[in-house]
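The next block holds one structure in the form of structure tokens; read it before the comments.
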Amino acid sequence: MTVNVSMNVNGKTVSADVEDRTLLVTYLRENQRLTGTHVGCDTSQCGACVVHVNGKSIKSCTMLAVQAAGAEVSTIEGVANGDELHPMQEAFRDNHGLQCGFCTPGMVMSALDLVKTNPDPSETEVREWLEGNLCRCTGYHNIVKSILAGAKAMRGA
Amino acid sequence: MNEMLDTGIGAAVRRREDNRFLQGIGNYTDDIVLPGQTHAHIVRSPHAHASIVGIDKAAAEKIEGVVAILTAEDFADYGGLPCGWQVNGKNDEPMKEPKHPILAEGRVRHVGDPVVVVIAETADIARDASEKVSVSYKELPSAILVDDAVGAGAAAVHEEAPGNVCYDWELGDKAVVDAAFKGAAHVARLELVNNRLIPNAMEPRAAIGDFNRGTGDHSLYTTSQNPHVIRLLMGAFVLNIPEHKLRVYAPDVGGGFGSKIYHYAEEAIVTVAAAKLARPVKWVADRSESFISDAHGRDHVTTVELALDKDGNFLGLRETTLANMGAYLSTFAPAVPTYLHGTLLAGNYVTPVIYCNVKAVFTNTVPVDAYRGAGRPEATYLLERIIDIAAHDLKMDPAELRRRNFIKPDQFPYDTPVALTYDIGDYEATLDQAMQASDYAGYAARKAESAKNGKLRGRGLISYIEACGIAPSNVAGALGARAGLYEAATIRVNPTGSVSVLTGSHAHGQGHETTFAQVVSDMLGISYDSVDVIHGDTDKIPFGMGTYGSRSIAVGGAAIVGAVDKIINKGRRIAAHLMEASEADVVFENGEFKVMGTDKQVGFGDVALTAYVPHNYPLETLEPGLEETAFYDPKNFTYPAGCHICEVEIDPETGVVEIASFTAADDFGRIINPMVVEGQVHGGLVQGIGQALLEGCVYDDNGQLLTGSFMDYCMPRADDFPNFVVSTNVTECTHNPLGVKGCGEAGAIGSPPAVVSAICDALSEYGVTHFDMPATPSKVWSLIHGGKKAA
Ligand code: FES
Ligand code: FES
């Protein structure tokens with residue numbers, strides 16, 4: 001069955017006719033052409049697909065687009081202010097928190113949710129928070145460093 | 001913020017590629033949508049080994065939106081997937097090389113073997129229709145584990161490979177080595193398994209085929225580490241498309257680790273289908289599909305023996321290995337357990353004689369090929385494990401035993417008994433550096449502290465060497481490579497002085513866009529921002545062999561240096577003309593051409609402009625323009641080496657192993673960007689520690705992959721690790737222009753034996769001297785509770 005699904009994505013109202021089984025990640029990638037949100041698995045394990053729905057980080061491969069109808073969704077494309085990176089993005093750049101970049105959007109979106117509830121996380125808290133985000137490149141060392149630095153910059157800002 | 005002022009060689013320049021990745025505006029293959037694109041889904045074998053009795057497409061064809069359904073018959077005009085390396089066994093017997101068809105031809109040989117391709121208007125329709133394709137099979141007996149596959153009465157994977165043996169290869173003189181063992185005061189012996197791994201780059205493989213009916217040009221967009229190699233293999237050997245009519249484009253690629261080197265069936269499928277349909281055809285793997293179709297890694301069953309004299313000097317090494325090839329030979333597979341493994345058995349040590357025998361074995365499993373380190377982790381693992389066993393047997397300190405047998409700095413260049421010549425190194429220096437960085441002396445106190453908390457602490461120390469910068473083409477050719485292994489680069493100086501670097505290396509996380517620009521801007525004395533690095537597109541880059549085996553900077557970087565040198569030479573001639581000086585008097589320094597001994601100079605930008613606006617120019621003797629291409633063929637391998645020290649803490653109640661600390665001291669030669677190098681080490685360490693603690697591919701007796709998703713295959717996660725302590729010690733490579741060695745694989749090579757050694761040390765009171773990876777809690781718990789506590 002085809003349904004019309006509208007939601008607010010990165011501050012803009014968008015809408016598309018999709019099959020009812022369409023996942024939110026597919027809706028974002030295919031219908032809205034926001035391809036920064038990635039698909040790295042089919043078992044809800046990798047976190048490459050993390051976006052925020054109504055302010056909370058969720059795995060967009062594990063939610064139907066219709067479930068997000070009417071919601072406020074933010075994706076990696078909405079994080080920077082124009083060309084100016086968000087302090088969390090800047091921290092990833094400055095601390096070499098990414099290599100191939102495939103896990104990165106999910107990592108940044110997860111990190112932003114962590115900092116929202118825990119503005120000054122410990123290293124252990126960061127590592128534990130990332131249990132739903134896989135990275136095969138960085139060995140996590142610099143991702144953890146980035147998130148700690150990003151959190152610090154956000155506290156200072 | 002934090003912008004480094006210095007952007008040259010050696011500076012920790014922040015990566016320019018990060019801007020797009022951090023904003024979600026990268027361009028990975030799955031992000032690309034071509035007009036009119038269709039979607040392919042592949043029906044794969046659910047059986048390890050079966051005959052295909054029939055394929056019924058009728059129900060699927062009726063589904064609206066299905067465009068085409070293809071089977072092996074549709075590929076009858078094309079070749080199989082080629083193997084890029086021929087290994088000859090004993091008596092020069094060529095390896096068995098059964099056809100690797102694009103789609104299964106009457107028989108499937110592993111779970112995941114592609115059988116039918118369904119192409120439809122949407123990915124969902126293709127998937128739905130695939131479920132309506134009915135393939136009937138007659139199951140056949142299968143051979144899954146290597147030791148079973150070579151046993152009497154084992155099922156035959158290919159009729160043309162009796163006993164499932166692909167080749168029976170040896171290196172070294174067995175009689176001489178056996179004699180050395182006879183005279184030995186002690187022989188240490190160990191049987192071990194190097195566990196099978198699944199690479200799992202986070203971006204699943206994907207491919208899009210496109211065809212221009214007007215020009216007859218084919219395009220393939222693919223998740224590849226080496227687009228030119230794919231163009232060569234697929235164009236020349238599989239589909240018979242000449243190179244000039246085939247563009248292979250590997251845009252942003254989300255990690256490779258070896259698994260994206262190979263030419264895969266799906267690339268040929270979408271290319272052929274796009275031409276047939278005159279519409280683009282896109283295929284994207286599900287993760288579950290990656291598990292059963294990406295080449296796996298490792299999977300060796302080995303017996304190793306080390307002979308020593310009474311003082312602990314090594315006298316000889318003997319190894320026999322069964323190496324799993326899987327069901328078909330993947331692109332590099334035969335080279336991995338032989339020339340990337342047997343040749344590394346000298347390690348960092350003076351071992352006078354070495355014998356290695358490797359049987360490569362076909363099984364009904366996914367093909368096995370190079371995975372981060374490729375052969376070298378297997379060599380390092382068995383060597384470092386047997387040294388530990390010897391140290392234990394002889395009651396010697398493991399660090400001391402290694403130190404005693406190290407090749408000393410004054411012994412370089414050093415010819416090993418296994419065909420390599422190491423150019424340079426200082427193994428004691430990295431050992432000392434790692435020991436110091438790990439606070440080796442303070443260990444007893446840490447162990448006591450752990451004991452107080454009810455934990456068992458252990459420490460492991462290893463040395464490793466690897467052969468990178470693959471490879472001198474004549475050597476590789478003599479050893480069976482069916483291609484050259486040089487690299488190519490073009491430096492295009494644009495009229496206004498900016499520079500485009502076109503490199504045959506491919507970045508999929510390594511940061512070449514930044515580091516190669518550092519090299520070029522440093523050499524040309526121009527701003528880093530005016531240098532752009534372009535890679536991944538066979539239509540743009542003249543040629544290339546791609547990125548694997550830690551070769552990008554050592555081989556690709558050297559090609560770039562060669563092209564820059566040509567630019568500078570030509571620039572000197574132009575500058576000499578402009579300054580009315582003799583060419584011999586013109587030097588190039590800091591971006592200026594200068595006449596020696598005068599204050600005359602002309603900038604690089606002026607020379608570039610003159611080359612393109614040649615009004616005042618030696619036109620009779622010099623062509624206009626400023627663009628140069630260089631090919632670089634390495635003179636030798638490079639030999640990164642180092643020392644890794646791991647400390648673990650084990651909870652005896654649960655068997656859970658925690659990495660308490662991990663210290664790596666590595667010699668990668670000259671460092672271009674220390675930040676990037678550290679990142680490469682971190683990533684390699686986690687893959688290697690993952691192998692030691694968490695990862696292991698498991699098939700059941702029927703060849704079903706039990707670890708077929710991230711729910712079952714244990715991927716390393718952030719909370720499995722501490723921060724790492726990494727440092728470098730530099731001896732510059734003597735035979736390439738940058739003095740570099742490569743750093744991509746070291747972490748994955750050194751860490752598995754370091755972790756296993758540390759765990760054995762922690763469990764020494766239970767009599768544990770070895771166990772096979774991974775050290776899952778249940779395995780460790782059993783070692784503790786099944787073992788005897790020493791009195
Ligand atoms: S795609 Fe892997 S968790 Fe969503
Ligand atoms: S940067 Fe490649 S997966 Fe994380």
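Residues are referred to by chain and number: the chain letter is A, B, ... according to the order shown in the structure tokens, the number counts from 1 in that chain, and ligands are numbered separately from 1 in the order shown.
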I'd like a table as a tab-separated table: residues in chain A with an atom no more than 6 Å from chain B, each row giving the shortest atom pair and its distance in Å to one decimal, only C-alpha atoms counted, sorted by chain and rising residue number.
```
residue	atom	partner	partner_atom	distance
A:Thr35	CA	B:Asp31	CA	5.7
A:Gly36	CA	B:Gly24	CA	3.6
A:Gly40	CA	B:Met202	CA	5.6
A:Cys41	CA	B:Arg287	CA	4.7
A:Asp42	CA	B:Arg287	CA	5.8
A:Ile76	CA	B:Gly24	CA	5.7
A:Glu77	CA	B:Gln23	CA	5.4
A:Gln99	CA	B:Gly509	CA	4.1
A:Cys100	CA	B:Gly509	CA	3.5
A:Gly101	CA	B:Phe21	CA	5.2
A:Phe102	CA	B:Gly254	CA	5.1
A:Arg127	CA	B:Asp719	CA	4.7
A:Glu128	CA	B:Asp719	CA	5.5
A:Cys137	CA	B:Gly683	CA	5.0
A:Thr138	CA	B:Gly683	CA	4.5
A:Gly139	CA	B:Gly683	CA	4.1
A:Tyr140	CA	B:Ala718	CA	5.5
A:His141	CA	B:Asn723	CA	5.8
```
Each residue of chain A with at least one atom at most 12 Å from ligand 2 should appear once, together with its nearest atom pair and the corresponding distance in Å (one decimal); atoms considered: only C-alpha atoms and all ligand atoms; ordering: chain, then increasing residue number; output as CSV.
```
residue,atom,partner,partner_atom_place_in_ligand_line,distance
A:His38,CA,ligand 2,3 (S),10.8
A:Val39,CA,ligand 2,3 (S),11.5
A:Gly40,CA,ligand 2,3 (S),9.1
A:Cys46,CA,ligand 2,3 (S),9.5
A:Gly47,CA,ligand 2,3 (S),10.4
A:Ala48,CA,ligand 2,3 (S),8.5
A:Phe92,CA,ligand 2,1 (S),10.6
A:Arg93,CA,ligand 2,1 (S),11.5
A:His96,CA,ligand 2,1 (S),9.4
A:Gly97,CA,ligand 2,1 (S),7.3
A:Leu98,CA,ligand 2,1 (S),4.2
A:Gln99,CA,ligand 2,1 (S),4.0
A:Cys100,CA,ligand 2,2 (Fe),3.9
A:Gly101,CA,ligand 2,1 (S),4.4
A:Phe102,CA,ligand 2,2 (Fe),5.1
A:Cys103,CA,ligand 2,4 (Fe),4.3
A:Thr104,CA,ligand 2,4 (Fe),5.8
A:Pro105,CA,ligand 2,4 (Fe),9.3
A:Gly106,CA,ligand 2,4 (Fe),9.4
A:Met107,CA,ligand 2,4 (Fe),8.2
A:Val108,CA,ligand 2,4 (Fe),10.9
A:Leu130,CA,ligand 2,4 (Fe),12.0
A:Asn133,CA,ligand 2,4 (Fe),9.0
A:Leu134,CA,ligand 2,3 (S),6.9
A:Cys135,CA,ligand 2,4 (Fe),3.7
A:Arg136,CA,ligand 2,3 (S),4.4
A:Cys137,CA,ligand 2,2 (Fe),4.3
A:Thr138,CA,ligand 2,1 (S),5.7
A:Gly139,CA,ligand 2,4 (Fe),8.3
A:Tyr140,CA,ligand 2,4 (Fe),8.0
A:His141,CA,ligand 2,4 (Fe),11.1
A:Asn142,CA,ligand 2,1 (S),10.1
A:Ile143,CA,ligand 2,4 (Fe),8.6
A:Val144,CA,ligand 2,4 (Fe),11.9
```
*Leaving out segment 208-218 of chain B and any residue of its chain fewer than 3 positions from it, which residues lie within 12 Å of it when counting only C-alpha atoms, given as an MDAnalysis selection string?*
chainID B and resid 28:40 205 221:223 231 234:235 239:251 266:285 538:539
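The neighbours of Pro337 of chain B here are the residues that come within 9 Å of it, using only C-alpha atoms and leaving out any residue fewer than 5 positions away in the same chain; they are Arg298, His300, Thr321, Leu322, Ala323, Gly342, Val358, Lys359, Ala360, Ala374, Gly375, Arg376, Glu378 and Ala379 of chain B.
Using only C-alpha atoms, the protein and nucleic acid residues lying no more than 12 Å from Gln32 of chain A, apart from those fewer than 2 places from it along its own chain, are Val5, Ser6, Met7, Asn8, Val9, Asn10, Lys12, Thr13, Val14, Ser15, Ala16, Asp17, Val18, Leu24, Val25, Thr26, Tyr27, Leu28, Arg29, Glu30, Leu34, Thr35, Gly36, Thr37, Ala65, Thr75 and Glu77 of chain A; Asp31 of chain B.
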*Of the candidates A:Ser74, A:Asn118, A:Gln67, A:Ser57, which shows the shortest atom-to-atom distance to ligand 1, using only C-alpha atoms and all ligand atoms?*
A:Ser57
*Looking only at the backbone, which of the residues in chain A does DSSP tag as strand (DSSP E), as an MDAnalysis selection string?*
chainID A and resid 2:9 12:19 50:53 56:59 72:74
Write a file of the just-selected residues containing N, CA and C atoms, as a PDB file, in the first residue's frame.
```
ATOM      1  N   THR A   2       0.503   2.203  -0.806  1.00  0.00           N
ATOM      2  CA  THR A   2       1.258   3.450  -0.830  1.00  0.00           C
ATOM      3  C   THR A   2       0.619   4.451   0.127  1.00  0.00           C
ATOM      4  N   VAL A   3       1.470   5.101   0.886  1.00  0.00           N
ATOM      5  CA  VAL A   3       0.949   6.127   1.803  1.00  0.00           C
ATOM      6  C   VAL A   3       1.748   7.405   1.615  1.00  0.00           C
ATOM      7  N   ASN A   4       1.113   8.497   1.943  1.00  0.00           N
ATOM      8  CA  ASN A   4       1.842   9.758   1.903  1.00  0.00           C
ATOM      9  C   ASN A   4       2.406  10.020   3.295  1.00  0.00           C
ATOM     10  N   VAL A   5       3.716  10.231   3.344  1.00  0.00           N
ATOM     11  CA  VAL A   5       4.353  10.466   4.638  1.00  0.00           C
ATOM     12  C   VAL A   5       5.025  11.833   4.625  1.00  0.00           C
ATOM     13  N   SER A   6       4.642  12.667   5.583  1.00  0.00           N
ATOM     14  CA  SER A   6       5.277  13.978   5.733  1.00  0.00           C
ATOM     15  C   SER A   6       5.969  14.038   7.083  1.00  0.00           C
ATOM     16  N   MET A   7       7.029  14.750   7.104  1.00  0.00           N
ATOM     17  CA  MET A   7       7.709  15.002   8.378  1.00  0.00           C
ATOM     18  C   MET A   7       8.567  16.237   8.216  1.00  0.00           C
ATOM     19  N   ASN A   8       9.108  16.682   9.345  1.00  0.00           N
ATOM     20  CA  ASN A   8      10.001  17.825   9.274  1.00  0.00           C
ATOM     21  C   ASN A   8      11.433  17.298   9.345  1.00  0.00           C
ATOM     22  N   VAL A   9      12.189  17.524   8.283  1.00  0.00           N
ATOM     23  CA  VAL A   9      13.568  17.034   8.270  1.00  0.00           C
ATOM     24  C   VAL A   9      14.518  18.229   8.214  1.00  0.00           C
ATOM     25  N   LYS A  12      12.820  21.520   7.616  1.00  0.00           N
ATOM     26  CA  LYS A  12      11.971  21.727   6.436  1.00  0.00           C
ATOM     27  C   LYS A  12      10.901  20.645   6.394  1.00  0.00           C
ATOM     28  N   THR A  13       9.694  21.036   6.020  1.00  0.00           N
ATOM     29  CA  THR A  13       8.649  20.026   5.883  1.00  0.00           C
ATOM     30  C   THR A  13       8.820  19.323   4.546  1.00  0.00           C
ATOM     31  N   VAL A  14       8.850  18.001   4.608  1.00  0.00           N
ATOM     32  CA  VAL A  14       8.995  17.225   3.376  1.00  0.00           C
ATOM     33  C   VAL A  14       7.900  16.172   3.344  1.00  0.00           C
ATOM     34  N   SER A  15       7.692  15.658   2.156  1.00  0.00           N
ATOM     35  CA  SER A  15       6.615  14.685   2.023  1.00  0.00           C
ATOM     36  C   SER A  15       6.896  13.811   0.810  1.00  0.00           C
ATOM     37  N   ALA A  16       6.433  12.568   0.869  1.00  0.00           N
ATOM     38  CA  ALA A  16       6.619  11.671  -0.272  1.00  0.00           C
ATOM     39  C   ALA A  16       5.608  10.535  -0.189  1.00  0.00           C
ATOM     40  N   ASP A  17       5.225  10.013  -1.349  1.00  0.00           N
ATOM     41  CA  ASP A  17       4.384   8.823  -1.393  1.00  0.00           C
ATOM     42  C   ASP A  17       5.292   7.607  -1.386  1.00  0.00           C
ATOM     43  N   VAL A  18       5.130   6.778  -0.386  1.00  0.00           N
ATOM     44  CA  VAL A  18       6.004   5.602  -0.292  1.00  0.00           C
ATOM     45  C   VAL A  18       5.175   4.373   0.058  1.00  0.00           C
ATOM     46  N   GLU A  19       5.755   3.216  -0.200  1.00  0.00           N
ATOM     47  CA  GLU A  19       5.113   1.985   0.259  1.00  0.00           C
ATOM     48  C   GLU A  19       5.108   1.989   1.775  1.00  0.00           C
ATOM     49  N   VAL A  50      22.122   6.234  12.295  1.00  0.00           N
ATOM     50  CA  VAL A  50      21.524   6.985  13.414  1.00  0.00           C
ATOM     51  C   VAL A  50      21.129   8.404  12.995  1.00  0.00           C
ATOM     52  N   VAL A  51      19.879   8.759  13.292  1.00  0.00           N
ATOM     53  CA  VAL A  51      19.379  10.131  13.126  1.00  0.00           C
ATOM     54  C   VAL A  51      18.648  10.492  14.422  1.00  0.00           C
ATOM     55  N   HIS A  52      18.202  11.713  14.522  1.00  0.00           N
ATOM     56  CA  HIS A  52      17.401  12.091  15.686  1.00  0.00           C
ATOM     57  C   HIS A  52      15.939  12.201  15.266  1.00  0.00           C
ATOM     58  N   VAL A  53      15.080  11.586  16.039  1.00  0.00           N
ATOM     59  CA  VAL A  53      13.635  11.748  15.822  1.00  0.00           C
ATOM     60  C   VAL A  53      13.075  12.365  17.097  1.00  0.00           C
ATOM     61  N   LYS A  56      15.672  12.550  19.878  1.00  0.00           N
ATOM     62  CA  LYS A  56      16.364  11.379  20.425  1.00  0.00           C
ATOM     63  C   LYS A  56      17.047  10.604  19.303  1.00  0.00           C
ATOM     64  N   SER A  57      18.218  10.087  19.596  1.00  0.00           N
ATOM     65  CA  SER A  57      18.901   9.321  18.551  1.00  0.00           C
ATOM     66  C   SER A  57      18.221   7.964  18.386  1.00  0.00           C
ATOM     67  N   ILE A  58      17.982   7.605  17.144  1.00  0.00           N
ATOM     68  CA  ILE A  58      17.392   6.300  16.852  1.00  0.00           C
ATOM     69  C   ILE A  58      18.077   5.721  15.604  1.00  0.00           C
ATOM     70  N   LYS A  59      17.948   4.422  15.465  1.00  0.00           N
ATOM     71  CA  LYS A  59      18.480   3.780  14.265  1.00  0.00           C
ATOM     72  C   LYS A  59      17.393   3.828  13.188  1.00  0.00           C
ATOM     73  N   GLU A  72       9.788  15.529  14.094  1.00  0.00           N
ATOM     74  CA  GLU A  72      10.941  16.373  13.786  1.00  0.00           C
ATOM     75  C   GLU A  72      12.144  15.440  13.649  1.00  0.00           C
ATOM     76  N   VAL A  73      12.725  15.414  12.462  1.00  0.00           N
ATOM     77  CA  VAL A  73      13.855  14.512  12.225  1.00  0.00           C
ATOM     78  C   VAL A  73      15.084  15.354  11.922  1.00  0.00           C
ATOM     79  N   SER A  74      16.194  15.030  12.548  1.00  0.00           N
ATOM     80  CA  SER A  74      17.414  15.691  12.086  1.00  0.00           C
ATOM     81  C   SER A  74      18.450  14.664  11.685  1.00  0.00           C
TER      82      SER A  74
END
```
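Picture a line from atom CA of Val165 of chain B to atom CA of Val146 of chain B; it runs 9.8 Å.
The residue set within 6 Å of Val116 of chain B, counting only C-alpha atoms and dropping same-chain residues fewer than 6 places from it, reads Ile42, Val43, Leu70 and Thr71 of chain B.
All residues in segment 56-118 of chain A with a DSSP state of alpha helix (DSSP H), computed from the backbone, read Pro87, Met88, Gln89, Glu90, Ala91, Phe92, Arg93, Asp94, Thr104, Pro105, Gly106, Met107, Val108, Met109, Ser110, Ala111, Leu112, Asp113, Leu114, Val115, Lys116 and Thr117 of chain A.
Between ligand 1 and the residues A:Val66, A:Ala149, A:Cys61, A:Val79, the shortest atom-to-atom distance, using only C-alpha atoms and all ligand atoms, involves A:Cys61.
Between atom CA of Pro94 of chain B and atom CA of Asn194 of chain B there is a distance of 25.8 Å.
The shortest atom-to-atom distance to Gln45 of chain A, with only C-alpha atoms taken into account, belongs to A:Glu131 out of A:Glu131, A:Pro119, A:Leu85, A:Val126.
By only C-alpha atoms, and with residues fewer than 6 positions from Phe543 of chain B along its chain excluded, the set lying at most 7 Å from it is B:His228, B:Ala488, B:Gly504.
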Please dump the current selection as a tab-separated table (two decimals), in the first residue's frame; keep C-alpha atoms.
```
chain	number	residue	atom	x	y	z
B	228	HIS	CA	42.26	0.00	-12.77
B	488	ALA	CA	51.53	5.50	-11.68
B	504	GLY	CA	46.67	5.25	-9.17
```
*One-decimal distance in Å that lies between atom CA of Cys714 of chain B and atom CA of Ala758 of chain B*: 20.8 Å
